[in-house]
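For reference, data.tsv (TSV, C-alpha atoms (C1' of nucleotides)):
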```tsv
chain	number	residue	atom	x	y	z
A	1060	MET	CA	11.00	-16.91	14.95
A	1061	ALA	CA	7.70	-16.79	13.16
A	1062	VAL	CA	4.00	-17.20	13.69
A	1063	ALA	CA	2.74	-20.62	14.80
A	1064	PHE	CA	0.02	-22.44	12.90
A	1065	GLU	CA	-2.59	-24.56	14.61
A	1066	GLY	CA	-5.05	-27.29	13.66
A	1067	VAL	CA	-5.38	-28.00	9.95
A	1068	LEU	CA	-2.78	-25.34	9.28
A	1069	ALA	CA	-0.06	-27.05	11.31
A	1070	ASP	CA	1.34	-28.80	8.27
A	1071	ARG	CA	2.49	-25.79	6.37
A	1072	SER	CA	3.30	-27.70	3.18
A	1073	ALA	CA	-0.31	-28.88	2.92
A	1074	TRP	CA	-1.91	-25.56	2.12
A	1075	ILE	CA	-1.47	-22.30	0.33
A	1076	LEU	CA	-3.29	-19.11	1.19
A	1077	GLU	CA	-6.05	-17.92	-1.08
A	1078	ASN	CA	-8.21	-14.86	-0.57
A	1079	CYS	CA	-5.59	-13.18	1.55
A	1080	SER	CA	-7.12	-10.32	3.50
A	1081	MET	CA	-3.87	-8.35	3.49
A	1082	ALA	CA	-3.70	-8.48	-0.29
A	1083	MET	CA	-7.36	-7.51	-0.56
A	1084	THR	CA	-6.76	-4.53	1.68
A	1085	MET	CA	-3.84	-3.53	-0.52
A	1086	ASP	CA	-6.03	-3.81	-3.59
A	1087	ALA	CA	-8.58	-1.55	-1.94
A	1088	ILE	CA	-6.41	1.22	-0.47
A	1089	GLY	CA	-2.88	0.35	-1.54
A	1090	THR	CA	-1.88	3.63	-3.14
A	1091	ARG	CA	-0.03	6.55	-1.72
A	1092	SER	CA	-2.87	8.92	-2.54
A	1093	ALA	CA	-5.53	6.77	-0.89
A	1094	VAL	CA	-3.48	6.56	2.28
A	1095	THR	CA	-2.78	10.27	2.46
A	1096	ILE	CA	-6.44	11.08	1.86
A	1097	LEU	CA	-7.55	8.64	4.53
A	1098	ARG	CA	-4.96	10.14	6.83
A	1099	GLU	CA	-6.48	13.56	6.33
A	1100	ALA	CA	-9.97	12.18	6.86
A	1101	LEU	CA	-8.75	10.73	10.14
A	1102	TYR	CA	-7.33	14.13	11.03
A	1103	GLY	CA	-10.69	15.76	10.43
A	1104	THR	CA	-10.44	17.06	6.88
A	1105	THR	CA	-13.72	16.87	4.99
A	1106	ARG	CA	-13.63	19.27	2.06
A	1107	PHE	CA	-12.30	18.87	-1.41
A	1108	ASP	CA	-9.85	21.72	-1.55
A	1109	ASP	CA	-8.60	20.96	1.96
A	1110	PHE	CA	-7.76	17.46	0.78
A	1111	VAL	CA	-5.92	18.93	-2.19
A	1112	ARG	CA	-3.93	21.37	-0.07
A	1113	ARG	CA	-3.16	19.00	2.75
A	1114	THR	CA	-2.16	16.00	0.68
A	1115	LYS	CA	-0.02	18.17	-1.60
A	1116	THR	CA	-1.33	16.43	-4.66
A	1117	THR	CA	-3.51	17.58	-7.50
A	1118	ASP	CA	-7.24	18.01	-7.74
A	1119	ALA	CA	-7.37	15.25	-10.33
A	1120	ILE	CA	-5.94	12.68	-7.96
A	1121	VAL	CA	-8.10	13.80	-5.06
A	1122	SER	CA	-11.19	13.63	-7.24
A	1123	ALA	CA	-10.44	10.11	-8.39
A	1124	ARG	CA	-9.57	8.82	-4.91
A	1125	LEU	CA	-12.52	10.44	-3.18
A	1126	LYS	CA	-14.79	8.77	-5.68
A	1127	GLN	CA	-13.09	5.42	-5.20
A	1128	LEU	CA	-13.04	5.60	-1.41
A	1129	THR	CA	-16.67	6.66	-1.38
A	1130	GLU	CA	-17.64	3.73	-3.56
A	1131	LEU	CA	-15.75	1.44	-1.21
A	1132	GLY	CA	-17.82	2.80	1.66
A	1133	LEU	CA	-14.86	4.27	3.51
A	1134	LEU	CA	-16.05	7.83	3.10
A	1135	SER	CA	-19.59	9.13	2.86
A	1136	ARG	CA	-20.50	12.05	0.65
A	1137	GLN	CA	-22.67	14.61	2.44
A	1138	PRO	CA	-24.09	17.74	0.87
A	1139	TYR	CA	-23.53	21.03	2.65
A	1140	GLN	CA	-24.13	24.64	1.79
A	1141	GLU	CA	-22.45	27.75	3.05
A	1142	PRO	CA	-24.35	31.05	2.87
A	1143	GLY	CA	-24.04	32.55	-0.59
A	1144	GLN	CA	-22.45	29.41	-1.99
A	1145	ARG	CA	-23.87	26.58	-3.99
A	1146	THR	CA	-24.28	23.19	-2.39
A	1147	ARG	CA	-21.10	21.23	-2.24
A	1148	TYR	CA	-20.12	17.91	-0.74
A	1149	GLU	CA	-18.00	16.97	2.18
A	1150	TYR	CA	-16.44	13.60	2.72
A	1151	VAL	CA	-16.48	12.07	6.19
A	1152	LEU	CA	-15.10	8.80	7.45
A	1153	THR	CA	-17.63	6.02	7.85
A	1154	ASP	CA	-17.39	3.41	10.59
A	1155	LYS	CA	-15.81	1.17	8.02
A	1156	GLY	CA	-13.23	3.81	7.20
A	1157	ARG	CA	-12.58	4.36	10.89
A	1158	ASP	CA	-11.64	0.69	11.12
A	1159	LEU	CA	-8.54	1.57	9.12
A	1160	LEU	CA	-7.15	3.40	12.14
A	1161	PRO	CA	-4.86	0.53	13.19
A	1162	VAL	CA	-3.56	0.16	9.64
A	1163	LEU	CA	-2.78	3.84	9.19
A	1164	PHE	CA	-1.31	4.43	12.62
A	1165	ALA	CA	0.72	1.25	12.39
A	1166	MET	CA	2.23	2.63	9.19
A	1167	MET	CA	2.93	5.89	10.97
A	1168	GLN	CA	4.58	4.03	13.83
A	1169	PHE	CA	6.77	2.04	11.46
A	1170	GLY	CA	7.75	5.08	9.42
A	1171	ASN	CA	8.51	7.11	12.53
A	1172	LYS	CA	10.83	4.41	13.81
A	1173	HIS	CA	12.55	3.26	10.64
A	1174	LEU	CA	12.12	5.69	7.79
A	1175	GLN	CA	12.54	9.04	9.48
A	1176	PRO	CA	15.86	10.46	10.60
A	1177	ASP	CA	14.43	12.02	13.76
A	1178	GLY	CA	11.46	9.92	14.76
A	1179	GLY	CA	9.05	11.69	12.46
A	1180	PRO	CA	7.02	14.86	12.83
A	1181	LEU	CA	4.01	13.54	14.74
A	1182	ARG	CA	3.50	11.39	17.79
A	1183	LEU	CA	0.42	9.63	19.13
A	1184	VAL	CA	-0.55	10.27	22.73
A	1185	GLU	CA	-3.55	9.58	24.90
A	1186	ARG	CA	-5.96	12.45	24.98
A	1187	GLY	CA	-5.99	13.96	28.41
A	1188	THR	CA	-3.07	12.17	29.99
A	1189	GLY	CA	-0.53	12.60	27.19
A	1190	ASP	CA	0.69	9.03	27.64
A	1191	PRO	CA	2.38	7.63	24.54
A	1192	VAL	CA	0.27	5.37	22.35
A	1193	ARG	CA	1.40	2.36	20.38
A	1194	ILE	CA	-0.29	0.04	17.91
A	1195	VAL	CA	0.10	-3.49	19.21
A	1196	ALA	CA	-1.31	-6.99	19.07
A	1197	LEU	CA	-3.50	-7.48	22.09
A	1198	SER	CA	-5.02	-10.76	23.24
A	1199	ALA	CA	-8.51	-10.94	24.68
A	1200	SER	CA	-6.93	-11.46	28.08
A	1201	GLY	CA	-5.37	-8.02	27.81
A	1202	LYS	CA	-1.82	-9.13	27.20
A	1203	GLU	CA	0.37	-7.47	24.58
A	1204	LEU	CA	1.77	-10.11	22.25
A	1205	GLN	CA	4.96	-10.42	20.25
A	1206	LEU	CA	5.33	-12.36	17.04
A	1207	GLU	CA	6.28	-15.55	18.88
A	1208	ASP	CA	3.21	-15.38	21.08
A	1209	ILE	CA	0.80	-15.33	18.16
A	1210	ALA	CA	-0.74	-18.30	16.41
A	1211	ILE	CA	-2.98	-18.52	13.38
A	1212	GLU	CA	-5.88	-20.88	13.00
A	1213	ALA	CA	-8.29	-21.59	10.18
A	1214	ASN	CA	-11.59	-19.77	10.31
A	1215	GLY	CA	-14.62	-21.99	10.81
A	1216	THR	CA	-15.48	-24.25	7.96
A	1217	TRP	CA	-12.78	-23.02	5.67
A	1218	ALA	CA	-10.77	-25.87	4.21
A	1219	PRO	CA	-7.26	-25.09	3.08
A	1220	ASN	CA	-6.53	-26.34	-0.40
A	1221	ARG	CA	-3.67	-28.63	-1.19
A	1222	PRO	CA	-1.08	-27.08	-3.43
B	82	MET	CA	-15.26	12.56	15.53
B	83	ALA	CA	-11.58	12.74	14.68
B	84	VAL	CA	-8.18	12.85	16.25
B	85	ALA	CA	-7.37	15.77	18.55
B	86	PHE	CA	-4.33	17.95	17.99
B	87	GLU	CA	-2.33	19.43	20.82
B	88	GLY	CA	0.19	22.22	21.34
B	89	VAL	CA	1.46	23.91	18.18
B	90	LEU	CA	-0.78	21.63	16.16
B	91	ALA	CA	-3.99	22.81	17.80
B	92	ASP	CA	-4.60	25.39	15.09
B	93	ARG	CA	-5.10	23.06	12.21
B	94	SER	CA	-5.12	25.79	9.57
B	95	ALA	CA	-1.63	26.86	10.59
B	96	TRP	CA	0.26	23.82	9.38
B	97	ILE	CA	0.43	21.18	6.70
B	98	LEU	CA	2.07	17.82	7.12
B	99	GLU	CA	5.37	17.18	5.41
B	100	ASN	CA	7.44	14.03	5.63
B	101	CYS	CA	4.41	11.94	6.45
B	102	SER	CA	5.48	8.60	7.89
B	103	MET	CA	2.44	6.83	6.49
B	104	ALA	CA	3.26	7.99	2.98
B	105	MET	CA	6.89	7.00	3.44
B	106	THR	CA	5.83	3.55	4.54
B	107	MET	CA	3.63	3.29	1.46
B	108	ASP	CA	6.55	4.32	-0.72
B	109	ALA	CA	8.64	1.59	0.86
B	110	ILE	CA	6.27	-1.38	0.91
B	111	GLY	CA	3.11	-0.11	-0.75
B	112	THR	CA	2.68	-2.80	-3.39
B	113	ARG	CA	0.63	-5.93	-3.36
B	114	SER	CA	3.67	-8.09	-4.03
B	115	ALA	CA	5.74	-6.59	-1.20
B	116	VAL	CA	2.91	-7.16	1.25
B	117	THR	CA	2.34	-10.77	0.21
B	118	ILE	CA	6.05	-11.52	0.41
B	119	LEU	CA	6.32	-9.94	3.84
B	120	ARG	CA	3.26	-11.92	4.87
B	121	GLU	CA	5.01	-15.14	3.89
B	122	ALA	CA	8.17	-14.07	5.65
B	123	LEU	CA	6.07	-13.52	8.77
B	124	TYR	CA	4.61	-16.98	8.30
B	125	GLY	CA	8.07	-18.49	8.16
B	126	THR	CA	8.80	-18.78	4.47
B	127	THR	CA	12.46	-18.19	3.63
B	128	ARG	CA	13.24	-19.68	0.22
B	129	PHE	CA	12.85	-18.29	-3.23
B	130	ASP	CA	10.63	-20.91	-4.78
B	131	ASP	CA	8.49	-21.10	-1.66
B	132	PHE	CA	7.83	-17.39	-1.99
B	133	VAL	CA	6.91	-17.92	-5.61
B	134	ARG	CA	4.51	-20.78	-4.84
B	135	ARG	CA	2.94	-19.25	-1.79
B	136	THR	CA	2.42	-15.77	-3.14
B	137	LYS	CA	1.04	-17.15	-6.40
B	138	THR	CA	3.03	-14.68	-8.40
B	139	THR	CA	5.93	-15.05	-10.78
B	140	ASP	CA	9.60	-15.53	-10.14
B	141	ALA	CA	10.30	-12.18	-11.76
B	142	ILE	CA	8.18	-10.32	-9.24
B	143	VAL	CA	9.57	-12.27	-6.29
B	144	SER	CA	13.10	-11.61	-7.46
B	145	ALA	CA	12.55	-7.88	-7.74
B	146	ARG	CA	10.75	-7.59	-4.40
B	147	LEU	CA	13.23	-9.73	-2.48
B	148	LYS	CA	15.99	-7.50	-3.72
B	149	GLN	CA	14.11	-4.37	-2.82
B	150	LEU	CA	13.07	-5.59	0.63
B	151	THR	CA	16.61	-6.75	1.32
B	152	GLU	CA	18.01	-3.36	0.36
B	153	LEU	CA	15.48	-1.75	2.66
B	154	GLY	CA	16.77	-3.92	5.48
B	155	LEU	CA	13.48	-5.73	6.02
B	156	LEU	CA	14.87	-9.07	4.97
B	157	SER	CA	18.38	-10.39	5.33
B	158	ARG	CA	19.95	-12.65	2.73
B	159	GLN	CA	21.66	-15.67	4.27
B	160	PRO	CA	23.57	-18.30	2.33
B	161	TYR	CA	22.67	-21.94	2.91
B	162	GLN	CA	23.63	-25.17	1.26
B	163	GLU	CA	21.82	-28.46	1.09
B	164	PRO	CA	23.85	-31.62	0.51
B	165	GLY	CA	24.60	-32.07	-3.17
B	166	GLN	CA	23.25	-28.62	-4.02
B	167	ARG	CA	25.02	-25.40	-4.70
B	168	THR	CA	24.83	-22.61	-2.15
B	169	ARG	CA	21.64	-20.67	-2.31
B	170	TYR	CA	20.17	-17.87	-0.26
B	171	GLU	CA	17.33	-17.69	2.14
B	172	TYR	CA	15.55	-14.53	3.16
B	173	VAL	CA	14.61	-14.03	6.78
B	174	LEU	CA	12.83	-11.17	8.47
B	175	THR	CA	15.06	-8.70	10.28
B	176	ASP	CA	14.01	-6.93	13.45
B	177	LYS	CA	13.07	-4.02	11.28
B	178	GLY	CA	10.91	-6.24	9.13
B	179	ARG	CA	9.33	-7.74	12.22
B	180	ASP	CA	8.22	-4.24	13.16
B	181	LEU	CA	5.81	-4.43	10.26
B	182	LEU	CA	3.73	-6.95	12.18
B	183	PRO	CA	1.15	-4.40	13.33
B	184	VAL	CA	0.81	-3.03	9.79
B	185	LEU	CA	0.31	-6.41	8.18
B	186	PHE	CA	-1.98	-7.85	10.81
B	187	ALA	CA	-4.00	-4.65	10.92
B	188	MET	CA	-4.56	-5.06	7.18
B	189	MET	CA	-5.57	-8.65	7.76
B	190	GLN	CA	-7.99	-7.58	10.47
B	191	PHE	CA	-9.55	-4.95	8.24
B	192	GLY	CA	-9.83	-7.28	5.28
B	193	ASN	CA	-11.31	-10.04	7.40
B	194	LYS	CA	-14.00	-7.71	8.70
B	195	HIS	CA	-14.86	-5.67	5.63
B	196	LEU	CA	-13.60	-7.25	2.44
B	197	GLN	CA	-14.33	-10.93	2.98
B	198	PRO	CA	-17.78	-12.47	2.77
B	199	ASP	CA	-17.17	-14.88	5.65
B	200	GLY	CA	-14.65	-13.24	7.92
B	201	GLY	CA	-11.67	-14.42	5.95
B	202	PRO	CA	-9.68	-17.64	5.97
B	203	LEU	CA	-7.33	-17.00	8.89
B	204	ARG	CA	-7.72	-15.79	12.44
B	205	LEU	CA	-5.17	-14.57	14.97
B	206	VAL	CA	-5.15	-16.20	18.38
B	207	GLU	CA	-2.86	-16.23	21.36
B	208	ARG	CA	-0.45	-19.11	21.30
B	209	GLY	CA	-1.25	-21.52	24.08
B	210	THR	CA	-4.56	-20.10	25.23
B	211	GLY	CA	-6.26	-19.64	21.87
B	212	ASP	CA	-7.69	-16.31	22.93
B	213	PRO	CA	-8.55	-14.05	20.00
B	214	VAL	CA	-6.03	-11.34	19.14
B	215	ARG	CA	-6.71	-7.88	17.85
B	216	ILE	CA	-4.53	-5.05	16.62
B	217	VAL	CA	-5.37	-1.98	18.68
B	218	ALA	CA	-4.10	1.37	19.85
B	219	LEU	CA	-2.79	0.94	23.37
B	220	SER	CA	-1.77	3.72	25.71
B	221	ALA	CA	1.20	3.37	28.02
B	222	SER	CA	-1.22	3.01	30.90
B	223	GLY	CA	-2.52	-0.18	29.29
B	224	LYS	CA	-5.84	1.19	28.10
B	225	GLU	CA	-7.19	0.40	24.65
B	226	LEU	CA	-8.01	3.61	22.85
B	227	GLN	CA	-10.58	4.58	20.24
B	228	LEU	CA	-10.16	7.33	17.69
B	229	GLU	CA	-11.70	9.93	20.02
B	230	ASP	CA	-9.29	9.05	22.83
B	231	ILE	CA	-6.20	9.72	20.74
B	232	ALA	CA	-4.36	12.98	20.32
B	233	ILE	CA	-1.42	13.95	18.16
B	234	GLU	CA	1.39	16.21	19.22
B	235	ALA	CA	4.43	17.57	17.43
B	236	ASN	CA	7.63	15.67	17.93
B	237	GLY	CA	10.34	17.55	19.82
B	238	THR	CA	11.83	20.47	18.02
B	239	TRP	CA	9.90	20.01	14.84
B	240	ALA	CA	8.22	23.22	13.76
B	241	PRO	CA	5.19	22.91	11.55
B	242	ASN	CA	5.34	25.08	8.48
B	243	ARG	CA	2.72	27.60	7.61
B	244	PRO	CA	0.87	26.83	4.40
C	1055	DG	C1'	-26.21	38.61	-18.76
C	1056	DA	C1'	-21.17	38.62	-18.58
C	1057	DG	C1'	-17.56	37.46	-15.82
C	1058	DC	C1'	-15.65	35.07	-11.91
C	1059	DT	C1'	-14.72	31.50	-8.62
C	1060	DG	C1'	-14.57	27.12	-6.55
C	1061	DA	C1'	-15.34	22.20	-7.23
C	1062	DC	C1'	-14.68	18.70	-9.97
C	1063	DT	C1'	-13.56	16.04	-14.50
C	1064	DT	C1'	-10.98	15.01	-18.60
C	1065	DT	C1'	-6.88	14.54	-21.31
C	1066	DC	C1'	-2.09	13.54	-22.04
C	1067	DG	C1'	2.74	11.89	-20.95
C	1068	DA	C1'	6.10	9.55	-17.76
C	1069	DA	C1'	6.93	6.03	-14.42
C	1070	DT	C1'	5.78	1.78	-12.08
C	1071	DC	C1'	3.50	-2.74	-11.27
C	1072	DG	C1'	2.24	-7.22	-12.48
C	1073	DA	C1'	1.94	-11.23	-15.81
C	1074	DC	C1'	4.32	-13.87	-19.32
C	1075	DA	C1'	8.30	-15.48	-21.65
C	1076	DA	C1'	12.85	-16.07	-22.49
C	1077	DG	C1'	17.61	-16.01	-21.00
C	1078	DC	C1'	21.47	-16.80	-17.69
C	1079	DC	C1'	24.35	-19.26	-14.61
C	1080	DA	C1'	26.36	-22.46	-11.01
C	1081	DG	C1'	26.95	-26.82	-9.87
C	1082	DG	C1'	25.58	-31.82	-9.83
C	1083	DC	C1'	25.15	-35.86	-12.92
C	1084	DC	C1'	26.25	-38.66	-16.78
D	1066	DG	C1'	33.07	-32.30	-21.43
D	1067	DG	C1'	27.97	-31.92	-22.23
D	1068	DC	C1'	23.37	-31.95	-20.29
D	1069	DC	C1'	20.05	-30.86	-16.88
D	1070	DT	C1'	17.91	-28.46	-13.08
D	1071	DG	C1'	16.82	-24.96	-9.86
D	1072	DG	C1'	17.39	-20.16	-8.68
D	1073	DC	C1'	17.36	-15.80	-10.33
D	1074	DT	C1'	17.48	-11.88	-14.01
D	1075	DT	C1'	16.12	-9.45	-18.09
D	1076	DG	C1'	12.78	-7.88	-21.64
D	1077	DT	C1'	8.23	-6.88	-23.32
D	1078	DC	C1'	3.45	-5.62	-22.89
D	1079	DG	C1'	-1.08	-3.93	-20.90
D	1080	DA	C1'	-2.94	-1.62	-16.89
D	1081	DT	C1'	-2.66	1.70	-13.23
D	1082	DT	C1'	-0.75	5.69	-10.90
D	1083	DC	C1'	0.83	10.23	-10.57
D	1084	DG	C1'	1.49	14.94	-12.18
D	1085	DA	C1'	0.34	18.99	-14.86
D	1086	DA	C1'	-2.77	21.49	-17.59
D	1087	DA	C1'	-6.93	22.41	-19.70
D	1088	DG	C1'	-12.00	21.89	-19.69
D	1089	DT	C1'	-16.76	21.88	-17.46
D	1090	DC	C1'	-20.29	23.65	-14.70
D	1091	DA	C1'	-23.22	25.99	-10.98
D	1092	DG	C1'	-24.28	29.84	-8.88
D	1093	DC	C1'	-22.71	34.30	-6.95
D	1094	DT	C1'	-21.24	39.23	-8.14
D	1095	DC	C1'	-21.39	43.07	-10.77
```
Can you turn what I pasted into C-alpha cells?
Amino acid sequence: MAVAFEGVLADRSAWILENCSMAMTMDAIGTRSAVTILREALYGTTRFDDFVRRTKTTDAIVSARLKQLTELGLLSRQPYQEPGQRTRYEYVLTDKGRDLLPVLFAMMQFGNKHLQPDGGPLRLVERGTGDPVRIVALSASGKELQLEDIAIEANGTWAPNRP
Amino acid sequence: MAVAFEGVLADRSAWILENCSMAMTMDAIGTRSAVTILREALYGTTRFDDFVRRTKTTDAIVSARLKQLTELGLLSRQPYQEPGQRTRYEYVLTDKGRDLLPVLFAMMQFGNKHLQPDGGPLRLVERGTGDPVRIVALSASGKELQLEDIAIEANGTWAPNRP
DNA sequence: GAGCTGACTTTCGAATCGACAAGCCAGGCC
DNA sequence: GGCCTGGCTTGTCGATTCGAAAGTCAGCTC
C-alpha cells in the first residue's frame, strides 16, 4: 500500500522529515519555465533565442531562468562567436543538469499517461532498436520495483528527530 | 550530447513542441506543497492533521492542496469514523497518484546527490534484500539507458507544426 | 557615424503560493 | 442546551512567477 520503513524509521510516529530532498529539488527547479528550459537543453537547444522560441515564453523569463539555472550549476555559459557577429553565449547542460533526466522524463511519462487525451506528442525509445523506454525504480540486482517492493532507510549517521 | 530525434522530428528546426507533458505535469503538481503532500501520501500518511504535522506547513495549505489533488484524481477521499468521533475523511493515493512515484523519487535522488551536503536523510532500498534502488531510464529489452542512448519519436498521427 | 539587429535586462500589472490568523462547523461531553 | 475540540475554510499580506512592453548595449552594415 505504501513504502516500508526500516531501522530507526520503522516507528513512523517517532520522526518527521526535515531537509527533504524532493522539496529542495522543487525549490531549485520547481517552476514551469525552469522545466521547459531544461527540457529544451536536454533536447539540444543552447542559444538564447532558440530557448525563447521553443519554450514559447518571453525573453524576460528565459533571461531570468538561464541566469538562475547557470548559478545553480545546471547549465554552463560558454562564449561563442559566429563570423561577422559579436561574441554571444550558449548554455549547455552540465553533468549535474543531466542528472535531472529521470525527473524530467518521469514527468513526461506521467503527463503522457494521465494528462494528455492521446498519450502525448512525444515518446521515448531506445536509440537504434526503437524499443520503448520507461522511467522506473531499479534495484541494484536489476529488478524493476513497484511501490510495495521499495523500502526507505536512514542515511548513515543521520538521526531522525522526535516530533 | 543530447537526445536524438527520429522520423518527422529529425529536422529539429521544422517543429516546436506544443502540449508538453512535462509542462502539464508542472501545472498539475508543480508546487512545493503538492510535492510534500504527495510524498507523505507515498509514505503512508492519510489524515489531515498528519499531513499538516509531517509537511510542516499550515492547515490552510494542506486543505487547499488536498482538495486540488483530490480533484485531479491523485488522492481519493474516503470517510472513516473512530469510536466516539464524528466521521472524517482520509486521503489515499489512487493508482494515478501512485504513477507519480518515478517523478517524486527521481527528485529525491537528484536532491540527495546535488542539493544535500551529506547525501540526504533518506535512501531507497529494495525491500527484503536492502539493495540500493535508483530511478533510471529502462528500455523494454531491460537495458539501463543514458541520455545518449535515448531517442524521441512522434506519437502516432501527431503532426508537428512548423514554427 | 548613424542606423540596425540580436541578445539581454528592466519595469509594471495580474495571478498564484505560502505563512499567519481568524472563523466555521459537526459532534461528543457536561 | 452550552462548551469544547478537531478538522477544515476563508481572508489578508508579502514574495514570486508570468506576461507584455520598453530600454540597453555591442558590433555589424551602410
Mind dumping a table of every chain B residue within 8 Å of chain C, with the nearest atom pair and its distance in Å to one decimal, using only C-alpha atoms (C1' of nucleotides), sorted by chain and rising number, as CSV?
```
residue,atom,partner,partner_atom,distance
B:Thr112,CA,C:DC1071,C1',7.9
B:Thr139,CA,C:DA1073,C1',7.5
B:Ile142,CA,C:DG1072,C1',7.4
B:Gly165,CA,C:DG1082,C1',6.7
B:Gln166,CA,C:DG1082,C1',7.0
B:Arg167,CA,C:DG1081,C1',5.7
```
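Between CA of Glu1065 (chain A) and CA of Gln159 (chain B) there is a distance of 27.8 Å.
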Would you give me, as a Markdown table, each residue of chain B having an atom within 6 Å of an atom of chain A, along with its shortest atom pair and that distance in Å to one decimal, using only C-alpha atoms and sorting by chain and residue number?
```
| residue | atom | partner | partner_atom | distance |
| --- | --- | --- | --- | --- |
| B:Ala83 | CA | A:Gly1103 | CA | 5.3 |
| B:Val84 | CA | A:Tyr1102 | CA | 5.4 |
| B:Ile97 | CA | A:Arg1113 | CA | 5.8 |
| B:Ser102 | CA | A:Gly1170 | CA | 4.5 |
| B:Met103 | CA | A:Met1167 | CA | 4.6 |
| B:Ala104 | CA | A:Arg1091 | CA | 5.9 |
| B:Thr106 | CA | A:Gly1170 | CA | 5.5 |
| B:Met107 | CA | A:Arg1091 | CA | 5.8 |
| B:Arg113 | CA | A:Met1085 | CA | 5.8 |
| B:Leu123 | CA | A:Ala1061 | CA | 5.7 |
| B:Tyr124 | CA | A:Val1062 | CA | 5.4 |
| B:Gly125 | CA | A:Ala1061 | CA | 5.3 |
| B:Arg135 | CA | A:Ile1075 | CA | 5.8 |
| B:Pro183 | CA | A:Ala1165 | CA | 5.7 |
| B:Val184 | CA | A:Ala1165 | CA | 5.0 |
| B:Ala187 | CA | A:Val1162 | CA | 5.0 |
| B:Met188 | CA | A:Met1081 | CA | 5.0 |
| B:Met189 | CA | A:Met1081 | CA | 4.6 |
| B:Gly192 | CA | A:Ser1080 | CA | 4.4 |
| B:Asn193 | CA | A:Ser1080 | CA | 5.7 |
| B:Pro202 | CA | A:Asn1214 | CA | 5.2 |
| B:Leu203 | CA | A:Ala1213 | CA | 4.9 |
| B:Arg204 | CA | A:Glu1212 | CA | 5.4 |
| B:Leu205 | CA | A:Ile1211 | CA | 4.8 |
| B:Val206 | CA | A:Ala1210 | CA | 5.3 |
| B:Glu207 | CA | A:Ile1209 | CA | 4.9 |
| B:Arg208 | CA | A:Ala1210 | CA | 5.0 |
| B:Asp212 | CA | A:Ala1199 | CA | 5.7 |
| B:Pro213 | CA | A:Ala1199 | CA | 5.6 |
| B:Val214 | CA | A:Ser1198 | CA | 4.3 |
| B:Arg215 | CA | A:Leu1197 | CA | 5.3 |
| B:Ile216 | CA | A:Ala1196 | CA | 4.5 |
| B:Val217 | CA | A:Ile1194 | CA | 5.5 |
| B:Ala218 | CA | A:Ile1194 | CA | 4.5 |
| B:Leu219 | CA | A:Arg1193 | CA | 5.3 |
| B:Ser220 | CA | A:Val1192 | CA | 4.3 |
| B:Ala221 | CA | A:Pro1191 | CA | 5.6 |
| B:Asp230 | CA | A:Arg1186 | CA | 5.2 |
| B:Ile231 | CA | A:Glu1185 | CA | 4.9 |
| B:Ala232 | CA | A:Arg1186 | CA | 5.0 |
| B:Ile233 | CA | A:Leu1183 | CA | 4.8 |
| B:Glu234 | CA | A:Arg1182 | CA | 5.5 |
| B:Ala235 | CA | A:Leu1181 | CA | 4.9 |
| B:Asn236 | CA | A:Pro1180 | CA | 5.2 |
```
Identify all chain B residues at most 9 Å from chain D by counting all atoms listed in the file; ligands do not count. Present them as number ranges by chain. B: 129-130, 140-141, 144-145, 169
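A straight line drawn from CA of Arg128 (chain B) to CA of Gln149 (chain B) is 15.6 Å long.
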Please indicate the distance in Å from CA of Val1121 (chain A) to CA of Ser1135 (chain A), rounded to one decimal place. 14.7 Å
